[in-house]
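In what follows, a structure is listed as structure tokens, so that the remarks can point back to it.
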Amino acid sequence: MKKYFKYYGICWAIVFAVFNIITFVSVGATMGFAALLPSFWIGYGFITLAFIGNLLCSLMFFKEENQNKVFLKISVIRLSFSALVASLIAGVVAMVVPIIPYWFGIIVDVLILAFYAIAIVKASAAADIVNHVEQRVKEKTFFIKVLTVDADTLVSKAKSDEIKAEAKKVYEAIRYSDPMSNNALNDIEYQLQNQFKAFSEAVATDDSELAKSTANELIILVNDRNNKCKLLK
């Protein structure tokens with residue numbers, strides 16, 4: 001995300017430079033700098049602060065390496081440039097048009113900045129929510145994912161065709177089981193772990209009878225867990 005801020009920063013510098021050039025060239029050509037009132041400098045100062053606020057808000061958003069902001073970055077980038085251009089237009093108009101009071105430009109630029117800041121807060125909050133949900137999903141699917149990997153490894157470790165066939169049945173049963181876990185499944189998942197350990201030992205010792213019996217028990221437990229998962233949804 002930092003690379004996007006680099007491009008944004010270049011654009012911000014260009015727009016800010018354009019604001020200053022247009023403002024002071026226009027004022028110098030019409031009123032003259034000697035005729036400038038304190039109100040002009042007050043307006044100029046606040047509008048400049050609005051530009052700086054825009055830059056700081058963008059920095060806060062783009063500096064984070066949160067991958068979940070990838071789906072949000074396009075809309076936020078567009079909004080950042082829109083806010084920048086709107087600030088430029090409002091600032092220039094307020095500074096170079098004498099009949100427009102300086103406070104009008106301040107109010108408009110502050111409103112633009114507030115709108116942009118709120119949009120960034122919403123985007124960051126959405127990313128945090130997605131992060132939280134993803135983390136919970138990872139935690140709840142970890143048990144079955146690990147068991148699936150272990151079952152796949154057992155297939156390659158099987159020495160005889162008969163035991164390899166049993167290992168494949170176990171692997172397929174675990175692979176296509178419900179991945180989501182739940183605290184209510186702790187007991188049956190504990191049984192699954194123990195039964196899988198027994199099956200692994202049977203495979204390691206090339207005991208076909210034990211492998212077959214433990215595989216059948218393991219598949220029964222997997223199916224039982226699936227049925228309980230359905231009840232919990």
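Order determines the names: the first chain of the structure tokens is A, the second B, and so forth; residues in each chain are numbered 1 upward, and ligands are numbered 1 upward as they are shown.
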
Inset, instruction - Would you list the contacts of Leu147 of chain A as a VMD selection string, taking every protein, DNA or RNA residue within 10 Å and counting only C-alpha atoms, but skipping same-chain residues closer than 6 positions in sequence? - result: chain A and resid 153 171 174 to 175 192 to 193 196

Would you save the residues from that selection as a compact mmCIF listing (two decimals), in the first residue's frame, using N, CA and C atoms?
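Heads up, here's the output in result35.txt:
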```txt
# COMPACT_ATOMS: atom_id res chain seq x y z
N THR A 153 -0.46 -37.49 4.30
CA THR A 153 0.90 -37.99 4.52
C THR A 153 0.88 -39.49 4.78
N TYR A 171 -8.46 -40.51 4.35
CA TYR A 171 -8.12 -39.18 3.82
C TYR A 171 -9.32 -38.53 3.15
N ILE A 174 -11.95 -37.39 5.75
CA ILE A 174 -11.55 -36.18 6.47
C ILE A 174 -11.54 -34.97 5.53
N ARG A 175 -11.05 -35.20 4.33
CA ARG A 175 -10.92 -34.09 3.35
C ARG A 175 -12.28 -33.45 3.05
N LEU A 192 -11.36 -38.15 17.82
CA LEU A 192 -10.81 -38.26 16.47
C LEU A 192 -9.28 -38.25 16.48
N GLN A 193 -8.72 -37.36 17.28
CA GLN A 193 -7.27 -37.29 17.38
C GLN A 193 -6.68 -38.60 17.89
N PHE A 196 -7.12 -41.30 15.24
CA PHE A 196 -6.20 -41.09 14.13
C PHE A 196 -4.79 -41.51 14.52
```

Inset, instruction - Find the residues near Lys228 of chain A: any atom within 12 Å, counting only C-alpha atoms, skip ones fewer than 5 places away on the same chain, and give them as a VMD selection string. - result: chain A and resid 177 to 178 180 to 189 221 to 223 233

Legend entry - Top pick for closest residue to Ile112 of chain A, considering A:Ala165, A:Val96, A:Ser80, A:Gln135 and counting only C-alpha atoms: A:Ser80

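For Ala211 of chain A, the list of residues within 8 Å, based on only C-alpha atoms and with local chain neighbours fewer than 2 positions off taken out, reads Ile163, Glu166, Phe199, Ala202, Val203, Asp206, Asp207, Ser208, Glu209, Ser213, Thr214 and Ala215 of chain A.
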
Output of the above residues as a tab-separated table (two decimals), in the first residue's frame, restricted to N, CA, C and O atoms:
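Resulting contents of out-v5.tsv:
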```tsv
chain	number	residue	atom	x	y	z
A	163	ILE	N	-3.36	-51.45	3.01
A	163	ILE	CA	-3.34	-50.37	3.99
A	163	ILE	C	-3.44	-49.01	3.29
A	163	ILE	O	-4.08	-48.08	3.79
A	166	GLU	N	-7.00	-48.24	2.73
A	166	GLU	CA	-7.65	-47.77	3.95
A	166	GLU	C	-7.27	-46.32	4.25
A	166	GLU	O	-8.10	-45.51	4.66
A	199	PHE	N	-4.69	-45.19	14.24
A	199	PHE	CA	-4.62	-45.58	12.83
A	199	PHE	C	-3.21	-45.35	12.27
A	199	PHE	O	-2.70	-46.17	11.51
A	202	ALA	N	-0.98	-48.09	13.28
A	202	ALA	CA	-1.26	-49.31	12.51
A	202	ALA	C	-0.62	-49.23	11.13
A	202	ALA	O	-0.09	-50.22	10.62
A	203	VAL	N	-0.67	-48.06	10.54
A	203	VAL	CA	-0.04	-47.86	9.23
A	203	VAL	C	1.48	-48.00	9.35
A	203	VAL	O	2.14	-48.63	8.51
A	206	ASP	N	2.47	-51.53	9.67
A	206	ASP	CA	1.98	-52.34	8.55
A	206	ASP	C	1.03	-53.45	9.02
A	206	ASP	O	1.05	-54.56	8.50
A	207	ASP	N	0.21	-53.12	10.01
A	207	ASP	CA	-0.77	-54.06	10.56
A	207	ASP	C	-2.09	-53.85	9.83
A	207	ASP	O	-2.87	-52.93	10.16
A	208	SER	N	-2.39	-54.68	8.86
A	208	SER	CA	-3.56	-54.47	8.01
A	208	SER	C	-4.88	-54.64	8.78
A	208	SER	O	-5.84	-53.89	8.55
A	209	GLU	N	-4.94	-55.63	9.66
A	209	GLU	CA	-6.18	-55.83	10.43
A	209	GLU	C	-6.47	-54.65	11.35
A	209	GLU	O	-7.59	-54.16	11.40
A	213	SER	N	-9.62	-51.85	11.09
A	213	SER	CA	-10.57	-51.61	12.19
A	213	SER	C	-10.51	-50.16	12.68
A	213	SER	O	-11.55	-49.52	12.92
A	214	THR	N	-9.30	-49.63	12.83
A	214	THR	CA	-9.17	-48.24	13.29
A	214	THR	C	-9.65	-47.26	12.22
A	214	THR	O	-10.19	-46.20	12.55
A	215	ALA	N	-9.46	-47.62	10.95
A	215	ALA	CA	-9.93	-46.76	9.87
A	215	ALA	C	-11.45	-46.67	9.88
A	215	ALA	O	-12.04	-45.59	9.72
```

Legend entry - Nearest residue to Gly45 of chain A from the set A:Tyr102, A:Tyr190, A:Phe62, A:Tyr176 (distances using only C-alpha atoms): A:Tyr102

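The shortest atom-to-atom distance to Gly105 of chain A, with only C-alpha atoms taken into account, belongs to A:Ile47 out of A:Ile52, A:Leu84, A:Leu79, A:Ile47.
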
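Each of A:Phe81, A:Trp103, A:Tyr116, A:Phe142 was compared to Tyr7 of chain A using only C-alpha atoms, and A:Phe81 turns out to be the nearest.
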
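Across A:Arg136, A:Val76, A:Leu88, A:Ile219, the tightest approach to Phe115 of chain A is made by A:Val76 when counting only C-alpha atoms.
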
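Our summary of the geometry notes that atom CA of Phe24 of chain A is positioned 11.0 Å from atom CA of Phe40 of chain A.
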
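Using only C-alpha atoms for every distance, the candidate list A:Thr141, A:Ile106, A:Ser58, A:Ser82 yields A:Ser58 as the residue closest to Gly9 of chain A.
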
Legend entry - Contacts of Lys6 of chain A at 12 Å (only C-alpha atoms; same-chain gap of 4+ positions) as a PyMOL selection string: chain A and resi 1-2+10-13+55+58-59+62-63+77

Inset, instruction - Can you work out the spacing between atom CA of Val85 of chain A and atom CA of Val15 of chain A in Å, to one decimal? - result: 7.5 Å

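Atom CA of Ile220 of chain A sits 17.3 Å away from atom CA of Phe143 of chain A.
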